[in-house]
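A.B. asks: One structure, pasted below without further comment.
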Number of protein chains: 4
Amino acid sequence: MNTFGTIFRVSLFGESHGPVVGVTIDGCPPGIKLTEEELMSDLDRRRSGARGTTQRVELDNPEILSGLFNGVTTGAPIVIMTRNTNKKPADYESLKNIPRPGHADMTSKIKYSGFADPCGGGHFSGRLTWGMVAAGTLAKKLLSPAEVSAEVIEIGGTTEIDRVIEDIIKENDSVGGIVECRITSQYPGLGEPFFDSVESKISHIVFSIPAIKGIEFGAGFRSATMRGSEHNDLIISSGGATSTNNAGGINGGISNGNEIFFRVAVKPTSSISRPQETIDISKNRLTDLVIEGRHDVSIALRMPVIIESAAAIALADLKLIDRGISGERENR
Amino acid sequence: MNTFGTIFRVSLFGESHGPVVGVTIDGCPPGIKLTEEELMSDLDRRRSGARGTTQRVELDNPEILSGLFNGVTTGAPIVIMTRNTNKKPADYESLKNIPRPGHADMTSKIKYSGFADPCGGGHFSGRLTWGMVAAGTLAKKLLSPAEVSAEVIEIGGTTEIDRVIEDIIKENDSVGGIVECRITSQYPGLGEPFFDSVESKISHIVFSIPAIKGIEFGAGFRSATMRGSEHNDLIISSGGATSTNNAGGINGGISNGNEIFFRVAVKPTSSISRPQETIDISKNRLTDLVIEGRHDVSIALRMPVIIESAAAIALADLKLIDRGISGERENR
Amino acid sequence: MNTFGTIFRVSLFGESHGPVVGVTIDGCPPGIKLTEEELMSDLDRRRSGARGTTQRVELDNPEILSGLFNGVTTGAPIVIMTRNTNKKPADYESLKNIPRPGHADMTSKIKYSGFADPCGGGHFSGRLTWGMVAAGTLAKKLLSPAEVSAEVIEIGGTTEIDRVIEDIIKENDSVGGIVECRITSQYPGLGEPFFDSVESKISHIVFSIPAIKGIEFGAGFRSATMRGSEHNDLIISSGGATSTNNAGGINGGISNGNEIFFRVAVKPTSSISRPQETIDISKNRLTDLVIEGRHDVSIALRMPVIIESAAAIALADLKLIDRGISGERENR
Amino acid sequence: MNTFGTIFRVSLFGESHGPVVGVTIDGCPPGIKLTEEELMSDLDRRRSGARGTTQRVELDNPEILSGLFNGVTTGAPIVIMTRNTNKKPADYESLKNIPRPGHADMTSKIKYSGFADPCGGGHFSGRLTWGMVAAGTLAKKLLSPAEVSAEVIEIGGTTEIDRVIEDIIKENDSVGGIVECRITSQYPGLGEPFFDSVESKISHIVFSIPAIKGIEFGAGFRSATMRGSEHNDLIISSGGATSTNNAGGINGGISNGNEIFFRVAVKPTSSISRPQETIDISKNRLTDLVIEGRHDVSIALRMPVIIESAAAIALADLKLIDRGISGERENR
């Protein structure tokens, strides 16, 4: 359950205010160079600090505990972690019986019979995506020369992103957004029919990222409004190139060699400074909650590198599965 | 790859114009009654015949090959299949080198180096969803008394469904649609953090259904336009009931006990009677293709029972995983 | 649980006296020729008929339901089954409450709360190995040119096999034996450290064959009596050839390129014609049981092809995993 | 590959002379107390120091990085590691091109194309069993009140263990041995037919422990010499108690409620002080190798707690799988 992947396997561990967050990567081919600087490059993109992101600042320095020798992957499991330095468990003590709306406080309490770590979302925190980004750096190397890139295309329903962010900051509120990810597919033939389609694998890992509430490939929800004559991508070369790309580079769950792309809907950050009504479980009555502290105005702003990492991990796994079954393909 | 589920495991097999399509179900608890009549009830909903659906008619009678004794599950793997009776492989012979736009013809040819069964999509055919529906019947029983129900809510961007269908028939075209699925959750606490969230599991299996191009939970893509103060569902009881349900019954990937619901975007049927340009691979030049034969005007019309089945399979697996880890819960 | 393998995946289904026994094979590379005649070649070796084997005769004809097109694997899941023709459920009705010693009658009743199919062992029957042999035929093709061969080397503690069998027939008893399996390894580098060593994978599948109670690789239990100076195989070429082969071709769980070999202990057939004491569950008192009908004097006699199949399946999976992670290797 | 278990999942990471060795445990129920002292209790049994064991001494102190809150498991993944303090990579530098007989030096070099960490066996080292023992402490708690205990029953073919050890020390040699493990089964009904029998699961994990070359359950290899009338365990109660226990507590792969027991063959430690011939790969010629440094006279002496841990992990996973499928059982 807590592992993603069949060959290239990624597991996340840690808690928001525990000693560490980290990742285990199994099934990584040997002989791949990996430096802490390369890791920091993506991890820095994930870090907060920009306008509209939380003021909690973590050094985020990665420590590679295993699986590398002389800076190169050995074939053994790779564990990378970072120490949580800016922990403030006290911030959360008072909230133990007051679940924050939109967060996993209530569901984790129910699921784990009260034993879940409640500090800052514990294992359910968005901080866990640190490990996903670390694994993504490696996954992107496995996919090279294909490139994976994502960007925020809308915040609060508009493309005037900076303006919206300023408005929301003034309102003490948060806001959602849309992130689009594109993979210059060099890999036709990825995906396994029933049940590991490219869409299945990507959506599976993407929906494990906190705050994602929708995903669409190619024309996506717009497909539902289209005619077949309009939606079908005409095939114009024997290599499979198409004239349009409503399919998002995927037919029958298998990559067709055209660009793969998808969009995700990111909900507004659940933590807001405004008072919200919620239940006080210990007293079994409603209460007003004001969430102090630091949080992102729009978590969508920090998503691009996380979404890229998720997509890269999914596709790297599909690449290794396909190579296992069918061997090396000439055109890759 | 070709199996879905950790405990309650479903595998699909067969080809559109091969001898059979069917399903294997592992990890099903013993002692559950299952009749062929019960199976037919859902399978009939999936069958074609209604206005706007293909005229290919299959008897679809299920044959239970294993895993039942005296009409009750035994704990052993259950195999259910149906013979394909209305096979017309000849329909497809001429298309061997002419991939149909929107179909998996091209990608399956690439993926399987020319060895894929090309008749009517072979293993990539929508006919494979027969097995998913058969497994869904059993999965729904595992979830009882929770109910899973789906319906078409839009075709071609409008709710005036019958009118659109008549228009599209006249145009020799096809059209997409949106299906919504609701589960009266009796099960708070389902879902596993990193990486088997409720959304991850449902989207994974749903995207293995041919023609699905998008999925959204709760407020979904609308979340991306919302403020946090508007989107957060206020918690109004110590059991976790919320005043609104923008989360679609899921927080932090874990079901919160409120209704779970999601919508999927179904693309227009790829097979249309209108001429379409595509590549003739043997001649390496463009050609006009007219797809003869029988097909659905909107595959969305046949989707509700398939989507229900997919959701039920995903949730049944999560229920058994949760029970394995945490034991029986009192409130279920 | 009911599936073996990470890439090359095998599932068994069916019951001894149900409609069928069969096998599903996922993850099989496309483009492999497979005929029913080739299947029968190994299936015939598994069949009874020889002196000392049961008189239950099944035609055992394989029916390939999916995954082949024009006699060649397509990449889609392959289902192969055979109808049980010589069913005698009535033989077993009287035994419903009288578990046969040594069989799974009691444990399957407990495990499945009384719902297990009790006829002839149901899903626990040795008859299920039919599917393993069918899958083995395909697995052996994947390993070619490496050869997998097994033989009975001892029955009842002696190599004078025919003589022992005659004695045991006279005694209305059964007897155990030892089977040895050898694989002319062409594949150094198979096996995955922690936890899919070659020994782990082979033993896992071999111990799912009814009646196996021990396995040893290379010098095996004799290793426990040896000195290191005597046991260590000296490496005499840079390709890894060794002067002796106490390791059975495996170091650190990874194949070293020398012959892989192992031996398994097969217990005596549990069904014997002699009266045995057991519990009558319905009456909660001891009773004398005489098992009528047909059974093998030594099930070890039918094991070689089953053991070969099990080993081939395990190694085929390891080969595809290794290829997925590391790509094609030049020397294979 | 590098993970064991379906629900209760264990992964090992680290290298003999890398920064750490450790373990990740997923799927562990919440609410279980675990202290570093409890971990040390089993880890101390695994440590060297006794007569006949290596003089490499590691503090072995466990650091719990995640998955606990206030000393109790939370349901999130648990990572436990220890820093390697007594590293001597220099010991091994000279051996880079001189594979030690009996070790994984040669196979890891082949498998990982020269990228494997060569220091002291790297990821293939017996030191990795540290993590297995840490996970075993938790697994034993899950199985409580059942008890798992193992002991050395033979060294070098004799029960006069201390005497043999002294002899071997004088000879600068090493020696193999046999370890027996017993589980006071409280759990009839564990094991999954085809392919996760109790024997399959236990042997799978046991054979991932370096130096294990054989395993037998109940009468084991002796079964191969027995008559059915002698081997069959008579069932003497409706709960499944048997008069003898040649089956080792397992019928048809399912635990029958009687004591589960098995024996493993441990080969002699591969590292010996005597000169051994091996290949110098860089020069492609034979050379004499003398392994300096510290090693165990008989690695079997350190095995009991490791074997216990392996068995406990396998059975804990089977317990959670069975509970997932069938729910809580009254008699447990």
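Chain lettering (A, B, ...) mirrors the order of the structure tokens, residue numbering begins at 1 for each chain separately, and ligand numbering begins at 1 in order of display.
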Dump as a tab-separated table the rows for residues of chain C within 6 Å of chain D: closest atom pair and distance in Å with one decimal, only C-alpha atoms counted, ordered by chain and rising residue number.

C.D. replies:
residue	atom	partner	partner_atom	distance
C:Met1	CA	D:Asp196	CA	5.5
C:Asn2	CA	D:Phe194	CA	5.0
C:Pro101	CA	D:Leu234	CA	5.6
C:Gly102	CA	D:Asn232	CA	5.1
C:Ala104	CA	D:Gly252	CA	4.6
C:Thr107	CA	D:Asn256	CA	5.5
C:Ile110	CA	D:Gly189	CA	6.0
C:Lys111	CA	D:Gly189	CA	4.2
C:Gly156	CA	D:Thr225	CA	3.9
C:Gly157	CA	D:Thr225	CA	4.3
C:Ser174	CA	D:Gly228	CA	4.8
C:Val175	CA	D:Arg227	CA	4.4
C:Gly176	CA	D:Ala224	CA	4.0
C:Gly177	CA	D:Ala224	CA	4.2
C:Ile178	CA	D:Ala224	CA	6.0
C:Gly189	CA	D:Lys111	CA	4.2
C:Phe194	CA	D:Asn2	CA	5.0
C:Phe195	CA	D:Asn2	CA	5.2
C:Asp196	CA	D:Met1	CA	5.4
C:Ser197	CA	D:Ser208	CA	5.8
C:Glu199	CA	D:Phe207	CA	5.8
C:Ser200	CA	D:His204	CA	4.1
C:His204	CA	D:Ser200	CA	4.1
C:Phe207	CA	D:Ser200	CA	5.0
C:Ser208	CA	D:Phe195	CA	5.2
C:Lys213	CA	D:Gly220	CA	4.9
C:Gly214	CA	D:Glu216	CA	4.0
C:Ile215	CA	D:Ile215	CA	5.7
C:Glu216	CA	D:Gly214	CA	3.9
C:Phe217	CA	D:Lys213	CA	5.5
C:Gly220	CA	D:Lys213	CA	4.9
C:Phe221	CA	D:Ala265	CA	5.1
C:Ser223	CA	D:Lys267	CA	4.8
C:Ala224	CA	D:Gly176	CA	4.0
C:Thr225	CA	D:Gly156	CA	3.9
C:Met226	CA	D:Val175	CA	5.7
C:Arg227	CA	D:Val175	CA	4.4
C:Gly228	CA	D:Ser174	CA	4.9
C:Asn232	CA	D:Gly102	CA	5.1
C:Asp233	CA	D:Pro101	CA	5.9
C:Leu234	CA	D:Pro101	CA	5.5
C:Ile235	CA	D:Thr278	CA	4.9
C:Ile236	CA	D:Ile279	CA	5.6
C:Ser238	CA	D:Ile281	CA	5.4
C:Asn251	CA	D:Ala104	CA	5.1
C:Gly252	CA	D:Ala104	CA	4.6
C:Ile254	CA	D:Thr107	CA	6.0
C:Asn256	CA	D:Thr107	CA	5.5
C:Ala265	CA	D:Phe221	CA	5.1
C:Val266	CA	D:Ala224	CA	5.4
C:Lys267	CA	D:Ser223	CA	4.9
C:Pro268	CA	D:Gly228	CA	4.9
C:Ser270	CA	D:Gly228	CA	5.9
C:Thr278	CA	D:Ile235	CA	4.9
C:Ile279	CA	D:Ile236	CA	5.6
C:Ile281	CA	D:Ser238	CA	5.4

A.B. asks: Excluding range 74-90 of chain A and its own-chain neighbours fewer than 3 positions away, which residues fall within 8 Å of it when counting only C-alpha atoms? Please give them as a PyMOL selection string.

C.D. replies: (chain A and resi 16-31+56-69+93-94+119-120+131+134) or (chain C and resi 193) or (chain D and resi 2+12-14+112+115-117+123)

A.B. asks: Interatomic distance between CA of Arg51 in chain A and CA of Thr137 in chain A?

C.D. replies: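 So the two atoms, CA of Arg51 in chain A and CA of Thr137 in chain A, lie 24.9 Å apart.
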
A.B. asks: Which residues, written as a PyMOL selection string, have at least one atom at most 10 Å from Lys141 in chain C, with only C-alpha atoms counted and residues fewer than 2 positions away on the same chain left out?

C.D. replies: chain C and resi 32-34+136-139+143-147+312+316

A.B. asks: Emit the selected residues as a compact mmCIF listing (two decimals), in the first residue's frame, including N, CA and C atoms.

C.D. replies:
# COMPACT_ATOMS: atom_id res chain seq x y z
N ILE C 32 5.92 -15.44 -28.83
CA ILE C 32 6.38 -16.79 -28.53
C ILE C 32 5.36 -17.81 -29.06
N LYS C 33 5.83 -18.74 -29.89
CA LYS C 33 4.94 -19.77 -30.41
C LYS C 33 4.55 -20.74 -29.31
N LEU C 34 3.30 -21.12 -29.29
CA LEU C 34 2.85 -22.10 -28.31
C LEU C 34 1.71 -22.90 -28.90
N GLY C 136 4.63 -23.76 -17.02
CA GLY C 136 6.04 -24.13 -17.09
C GLY C 136 6.53 -24.32 -18.51
N THR C 137 5.67 -24.84 -19.36
CA THR C 137 6.04 -25.02 -20.77
C THR C 137 6.44 -23.69 -21.39
N LEU C 138 5.69 -22.68 -21.05
CA LEU C 138 5.98 -21.34 -21.57
C LEU C 138 7.23 -20.77 -20.90
N ALA C 139 7.34 -20.97 -19.61
CA ALA C 139 8.51 -20.46 -18.88
C ALA C 139 9.80 -21.07 -19.40
N LEU C 143 13.34 -19.34 -20.98
CA LEU C 143 14.69 -19.56 -20.45
C LEU C 143 15.63 -20.16 -21.50
N SER C 144 15.06 -20.66 -22.58
CA SER C 144 15.87 -21.32 -23.61
C SER C 144 17.01 -20.40 -24.03
N PRO C 145 18.24 -20.85 -24.26
CA PRO C 145 18.64 -22.25 -24.38
C PRO C 145 18.96 -22.96 -23.07
N ALA C 146 18.80 -22.28 -21.93
CA ALA C 146 19.01 -23.01 -20.67
C ALA C 146 17.99 -24.14 -20.60
N GLU C 147 18.41 -25.25 -20.02
CA GLU C 147 17.50 -26.40 -19.91
C GLU C 147 17.22 -26.71 -18.46
N ALA C 312 11.23 -23.25 -13.50
CA ALA C 312 11.26 -22.44 -14.73
C ALA C 312 10.46 -21.16 -14.56
N ALA C 316 12.16 -17.60 -14.89
CA ALA C 316 11.68 -16.73 -15.98
C ALA C 316 11.31 -15.37 -15.41

A.B. asks: Run DSSP on the backbone and give me the residues of range 55-119 of chain C it puts in strand (DSSP E), as number ranges by chain.

C.D. replies: C: 63-66, 68-69, 72-73, 78-83

A.B. asks: Which distance in Å separates CA of Gly249 in chain A and CA of Glu180 in chain B, to one decimal?

C.D. replies: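 These two atoms are separated by 25.3 Å.
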